[in-house]
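Asker: My questions will all concern the structure given below.
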Amino acid sequence: MSAPGSRAFLVVLDSVGAGGAPDAADFGDAGANTLGHIAAECAAGRAEVGRSGPLHLPNLDALGLGAAVKLASGFDAPGLGAVPQGLWGAAEEVSPGKDTPSGHWELAGVPVPWDWSYFPDTVPAFPSELVAEVCRLAGTEGILGNCHASGMPVIARYCAEHKRTGWPICYTSADSVFQIAAHEDWFGLDRLLALCQALAPTLHAMKVGRVIARPFTGTCDDFRRTANRHDYAIAPPSPTLLDWVADAGRATHAVGKIGDIFSMRGIGKLWKGKSDADLFEHLTRLGAEAEPGSLTFANFVEFDSLYGHPRDVAGYARHLEWFDAALPRFLATLRPGDLAIFTADHGNDPTWSGTDHTRERVPVVGWGLGPRAVGLRGYVDVGASIAAHLGVAGQGPGRSFL
């Protein structure tokens, strides 16, 4: 346990997995390794768009990133060979999924106690009674899509019909999600958000994890998704790290989509932005300003959304290098006794087939405690360790590695 007033920063680099999950084959992901394969592609000169050469992450690697990948998967990631100067290890998940809520909840100390519901990869994908409920709430005679799809292609396919009919574009993926895309002007942003909010209890009762509003603007020849996305997630089944800290009377800050993922439970202040660059400014400001004894929980989603799902290796590498180059500015704001842990919620190997997340172990690297190997742990141990550092009682199954 650290001295009174010590703060904690839990930073999730969304989808930055390290391979090696022992049950990866059960998910069709045997051999997936997000960091390892990106590093290999960079070293081979196959990730040269907007960057060049081996993957360059000197700051994260100095904390122990390369060592964490080796521990997780046995893979020596090219360019990531530093001797760790920080806390380092890897973690594996027990929840039956490779999705955002499962990963974040388990990092916060609460494994998912149920099996998520998924929609079949058929056309139509959704049961008729669910379609009828969407139509009733939307005030439309039908929906578009009704299939498995990626966001940009499904909008491109149905955009003109969406404009003509006013029907929402509904789709899903291999994750436990129901997504609705609609134009902010033709359909209305407030109407889209209200539709998703009203529909969420029906989906949550089915154990579908999230209803996601996916607004877009522009023309059908030049459309773009906006930063007004909103996730309506099922609430965690029991108190999480955020609740433990808040119930102890401490300040809690959520950066990015953490508010959506945890249904705002245990969150004192929420800080959002239009990009990961905006979120990094929030994180750096909180490093300077967050209260003694507080928890800051941040998610950087663009690794996953902009580069993992589209299978953009060079883009993923660029984003990793951007974050690493910015990292010293955040670390310079931290105080003696603070702890910052950098980890991930799942993988999304951009060299893998398909467009979905990959089941992987994740790196766990940290600043503030000096060199410390913590070994192979469970996701839940991350939350237990943060709680121990802050001196608050943890309520989950995790064991502190501090």
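Residue names in the structure tokens use chain letters A, B, ... in the order shown, residue numbers from 1 in each chain, and ligand numbers from 1 in the order shown.
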Fewer than 4 positions away in the same chain doesn't count, so skip those; otherwise give me all residues within 10 Å of A:Gly383, counting only C-alpha atoms, as a PyMOL selection string.

Answerer: chain A and resi 10+104-110+240-242+244+378-379+387-389+394-400

Asker: Mind dumping the selected residues with C-alpha atoms as a CSV table (one decimal), in the first residue's frame?

Answerer:
```
chain,number,residue,atom,x,y,z
A,10,LEU,CA,-5.4,3.0,-15.2
A,104,HIS,CA,-12.9,-3.5,-18.9
A,105,TRP,CA,-15.2,-5.0,-16.2
A,106,GLU,CA,-12.7,-7.7,-15.5
A,107,LEU,CA,-9.8,-5.3,-15.3
A,108,ALA,CA,-11.9,-3.4,-12.8
A,109,GLY,CA,-12.3,-6.6,-10.7
A,110,VAL,CA,-15.5,-8.1,-12.0
A,240,THR,CA,-16.3,-2.5,-9.7
A,241,LEU,CA,-13.0,-0.7,-8.9
A,242,LEU,CA,-14.7,2.6,-9.7
A,244,TRP,CA,-14.9,0.7,-4.6
A,378,GLY,CA,-5.5,-12.4,-14.2
A,379,TYR,CA,-7.3,-9.3,-15.5
A,387,ALA,CA,-7.3,-0.7,-5.0
A,388,ALA,CA,-4.4,-1.8,-2.8
A,389,HIS,CA,-2.3,1.1,-4.0
A,394,GLY,CA,-11.4,-4.5,-3.1
A,395,GLN,CA,-14.5,-6.7,-3.3
A,396,GLY,CA,-13.7,-9.0,-6.2
A,397,PRO,CA,-11.7,-12.2,-6.7
A,398,GLY,CA,-8.5,-10.5,-7.7
A,399,ARG,CA,-5.1,-10.6,-5.9
A,400,SER,CA,-2.9,-7.6,-5.7
```

Asker: Might you pull out every residue within 10 Å of stretch 194-205 of chain A, with only C-alpha atoms counted and same-chain residues fewer than 2 positions away left off, and present them as a PyMOL selection string?

Answerer: chain A and resi 116-117+130+133-139+168+176-180+188-192+207-214+230-235

Asker: Could you please take those selected residues and save N, CA and C atoms as a tab-separated table (two decimals), in the first residue's frame?

Answerer:
```tsv
chain	number	residue	atom	x	y	z
A	116	TRP	N	-22.63	-14.05	-23.01
A	116	TRP	CA	-23.26	-13.02	-23.81
A	116	TRP	C	-24.11	-13.65	-24.91
A	117	SER	N	-25.10	-12.91	-25.36
A	117	SER	CA	-25.89	-13.34	-26.52
A	117	SER	C	-25.32	-12.71	-27.78
A	130	LEU	N	-37.74	-8.33	-32.44
A	130	LEU	CA	-36.81	-7.23	-32.17
A	130	LEU	C	-36.90	-6.17	-33.25
A	133	GLU	N	-39.88	-4.07	-32.65
A	133	GLU	CA	-39.69	-3.12	-31.55
A	133	GLU	C	-38.87	-1.91	-31.99
A	134	VAL	N	-37.83	-2.15	-32.82
A	134	VAL	CA	-37.06	-1.03	-33.36
A	134	VAL	C	-37.96	-0.13	-34.19
A	135	CYS	N	-38.77	-0.71	-35.03
A	135	CYS	CA	-39.66	0.08	-35.88
A	135	CYS	C	-40.66	0.87	-35.04
A	136	ARG	N	-41.19	0.25	-33.99
A	136	ARG	CA	-42.15	0.95	-33.13
A	136	ARG	C	-41.50	2.16	-32.46
A	137	LEU	N	-40.30	1.96	-31.93
A	137	LEU	CA	-39.62	3.05	-31.24
A	137	LEU	C	-39.14	4.13	-32.21
A	138	ALA	N	-38.75	3.72	-33.42
A	138	ALA	CA	-38.25	4.68	-34.41
A	138	ALA	C	-39.37	5.36	-35.18
A	139	GLY	N	-40.56	4.76	-35.15
A	139	GLY	CA	-41.66	5.30	-35.94
A	139	GLY	C	-41.46	5.09	-37.42
A	168	PRO	N	-33.64	3.39	-40.08
A	168	PRO	CA	-32.31	3.25	-39.48
A	168	PRO	C	-31.56	2.05	-40.04
A	176	SER	N	-21.11	-8.96	-28.94
A	176	SER	CA	-22.49	-8.93	-28.44
A	176	SER	C	-22.99	-7.49	-28.50
A	177	VAL	N	-23.36	-7.05	-29.71
A	177	VAL	CA	-23.76	-5.66	-29.92
A	177	VAL	C	-24.93	-5.57	-30.90
A	178	PHE	N	-25.69	-4.50	-30.75
A	178	PHE	CA	-26.71	-4.10	-31.73
A	178	PHE	C	-26.40	-2.65	-32.06
A	179	GLN	N	-26.04	-2.38	-33.32
A	179	GLN	CA	-25.59	-1.06	-33.71
A	179	GLN	C	-26.59	-0.41	-34.66
A	180	ILE	N	-26.80	0.88	-34.48
A	180	ILE	CA	-27.73	1.62	-35.33
A	180	ILE	C	-27.00	2.84	-35.89
A	188	GLY	N	-31.74	12.51	-37.58
A	188	GLY	CA	-31.70	13.33	-36.37
A	188	GLY	C	-30.86	12.68	-35.29
A	189	LEU	N	-29.87	13.43	-34.77
A	189	LEU	CA	-29.00	12.88	-33.73
A	189	LEU	C	-29.79	12.59	-32.46
A	190	ASP	N	-30.57	13.54	-32.00
A	190	ASP	CA	-31.34	13.32	-30.77
A	190	ASP	C	-32.29	12.13	-30.92
A	191	ARG	N	-32.88	11.99	-32.09
A	191	ARG	CA	-33.79	10.87	-32.33
A	191	ARG	C	-33.04	9.55	-32.30
A	192	LEU	N	-31.83	9.51	-32.87
A	192	LEU	CA	-31.02	8.30	-32.86
A	192	LEU	C	-30.65	7.91	-31.43
A	207	LYS	N	-29.24	-10.24	-22.75
A	207	LYS	CA	-27.81	-10.36	-22.48
A	207	LYS	C	-26.98	-10.00	-23.71
A	208	VAL	N	-27.47	-9.04	-24.49
A	208	VAL	CA	-26.67	-8.38	-25.51
A	208	VAL	C	-25.98	-7.21	-24.84
A	209	GLY	N	-24.67	-7.13	-24.96
A	209	GLY	CA	-23.89	-6.23	-24.13
A	209	GLY	C	-24.10	-4.76	-24.36
A	210	ARG	N	-24.24	-4.36	-25.64
A	210	ARG	CA	-24.30	-2.92	-25.92
A	210	ARG	C	-25.25	-2.63	-27.08
A	211	VAL	N	-25.95	-1.51	-26.96
A	211	VAL	CA	-26.61	-0.88	-28.09
A	211	VAL	C	-25.79	0.36	-28.41
A	212	ILE	N	-25.35	0.48	-29.65
A	212	ILE	CA	-24.41	1.54	-30.02
A	212	ILE	C	-25.03	2.44	-31.07
A	213	ALA	N	-25.11	3.73	-30.76
A	213	ALA	CA	-25.54	4.74	-31.73
A	213	ALA	C	-24.33	5.13	-32.58
A	214	ARG	N	-24.48	5.06	-33.90
A	214	ARG	CA	-23.39	5.34	-34.84
A	214	ARG	C	-23.80	6.46	-35.80
A	230	HIS	N	-22.50	6.88	-29.13
A	230	HIS	CA	-22.81	6.63	-27.72
A	230	HIS	C	-23.12	5.15	-27.54
A	231	ASP	N	-22.49	4.55	-26.52
A	231	ASP	CA	-22.72	3.15	-26.19
A	231	ASP	C	-23.68	3.06	-25.00
A	232	TYR	N	-24.74	2.29	-25.16
A	232	TYR	CA	-25.65	2.01	-24.06
A	232	TYR	C	-25.38	0.58	-23.60
A	233	ALA	N	-24.50	0.47	-22.58
A	233	ALA	CA	-24.01	-0.83	-22.16
A	233	ALA	C	-24.80	-1.36	-20.98
A	234	ILE	N	-24.91	-2.67	-20.92
A	234	ILE	CA	-25.49	-3.32	-19.77
A	234	ILE	C	-24.63	-2.99	-18.54
A	235	ALA	N	-25.27	-2.81	-17.40
A	235	ALA	CA	-24.53	-2.43	-16.19
A	235	ALA	C	-23.71	-3.61	-15.67
```

Asker: Stretch 52-142 of chain A near stretch 303-318 of chain A within 12 Å: what's each residue's closest atom pair and its distance in Å to one decimal, counting only C-alpha atoms, ordered by chain then ascending residue number, as JSON lines?

Answerer:
```
{"residue": "A:Ser52", "atom": "CA", "partner": "A:Ala314", "partner_atom": "CA", "distance": 8.9}
{"residue": "A:Gly53", "atom": "CA", "partner": "A:Ala317", "partner_atom": "CA", "distance": 10.4}
{"residue": "A:Pro54", "atom": "CA", "partner": "A:Ala317", "partner_atom": "CA", "distance": 9.5}
{"residue": "A:Leu55", "atom": "CA", "partner": "A:Ala317", "partner_atom": "CA", "distance": 6.7}
{"residue": "A:His56", "atom": "CA", "partner": "A:Ala317", "partner_atom": "CA", "distance": 8.6}
{"residue": "A:Leu57", "atom": "CA", "partner": "A:Ala317", "partner_atom": "CA", "distance": 9.5}
{"residue": "A:Asp99", "atom": "CA", "partner": "A:Asp304", "partner_atom": "CA", "distance": 11.1}
{"residue": "A:Thr100", "atom": "CA", "partner": "A:Asp304", "partner_atom": "CA", "distance": 10.1}
```

Asker: Would you save the residues of that selection, restricted to C-alpha atoms, as a compact mmCIF listing (two decimals), in the first residue's frame?

Answerer:
```txt
# COMPACT_ATOMS: atom_id res chain seq x y z
CA SER A 52 9.02 3.67 -41.67
CA GLY A 53 11.20 0.96 -40.21
CA PRO A 54 10.98 -1.15 -37.06
CA LEU A 55 8.27 -0.37 -34.53
CA HIS A 56 9.64 2.42 -32.33
CA LEU A 57 8.15 2.47 -28.82
CA ASP A 99 -15.42 -7.72 -26.12
CA THR A 100 -15.05 -4.27 -24.60
```

Asker: May I have the residues within 8 Å of A:Gly97 as a compact mmCIF listing (two decimals) with N, CA and C atoms, in the first residue's frame, using only C-alpha atoms and disregarding those fewer than 4 positions away in the same chain?

Answerer:
```
# COMPACT_ATOMS: atom_id res chain seq x y z
N SER A 102 -16.56 -6.90 -21.27
CA SER A 102 -15.94 -7.99 -20.53
C SER A 102 -14.53 -7.62 -20.09
N ASP A 115 -22.99 -15.87 -20.08
CA ASP A 115 -22.61 -15.92 -21.49
C ASP A 115 -23.36 -14.82 -22.23
N TRP A 116 -22.63 -14.05 -23.01
CA TRP A 116 -23.26 -13.02 -23.81
C TRP A 116 -24.11 -13.65 -24.91
N ARG A 359 -8.88 -12.96 -29.31
CA ARG A 359 -8.70 -13.39 -27.92
C ARG A 359 -7.22 -13.48 -27.64
```

Asker: Find the residue from A:Leu35, A:Val255, A:Leu295, A:Val364 that sits nearest to A:Ala277; use only C-alpha atoms when measuring.

Answerer: A:Val255

Asker: Env of A:Val301: 8 Å cut, atoms = only C-alpha atoms, seq-sep filter 5 positions within chain, self excluded. Answer as a PyMOL selection string.

Answerer: chain A and resi 13-14+256-257+276

Asker: Dump N, CA and C atoms for the selected residues as a PDB file, in the first residue's frame?

Answerer:
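Listing of part_32.pdb after writing:
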```
ATOM      1  N   LEU A  13      -5.194   0.855 -23.477  1.00  0.00           N
ATOM      2  CA  LEU A  13      -4.929   1.037 -24.906  1.00  0.00           C
ATOM      3  C   LEU A  13      -5.785  -0.010 -25.616  1.00  0.00           C
ATOM      4  N   ASP A  14      -6.936   0.411 -26.071  1.00  0.00           N
ATOM      5  CA  ASP A  14      -7.991  -0.491 -26.512  1.00  0.00           C
ATOM      6  C   ASP A  14      -7.507  -1.429 -27.614  1.00  0.00           C
ATOM      7  N   GLY A 256     -12.763   9.255 -21.908  1.00  0.00           N
ATOM      8  CA  GLY A 256     -13.172   8.520 -23.090  1.00  0.00           C
ATOM      9  C   GLY A 256     -14.438   7.728 -22.845  1.00  0.00           C
ATOM     10  N   LYS A 257     -14.481   6.489 -23.354  1.00  0.00           N
ATOM     11  CA  LYS A 257     -15.707   5.701 -23.325  1.00  0.00           C
ATOM     12  C   LYS A 257     -15.921   4.937 -22.023  1.00  0.00           C
ATOM     13  N   ASP A 276      -8.441  10.460 -29.855  1.00  0.00           N
ATOM     14  CA  ASP A 276      -7.502  10.055 -28.817  1.00  0.00           C
ATOM     15  C   ASP A 276      -6.566  11.194 -28.445  1.00  0.00           C
TER      16      ASP A 276
END
```

Asker: So that I can check the secondary structure, give me every residue of stretch 256-321 of chain A assigned helix (DSSP H, G or I) by backbone DSSP, as a ChimeraX atom specification.

Answerer: /A:258-261,276-289,302-308,313-321
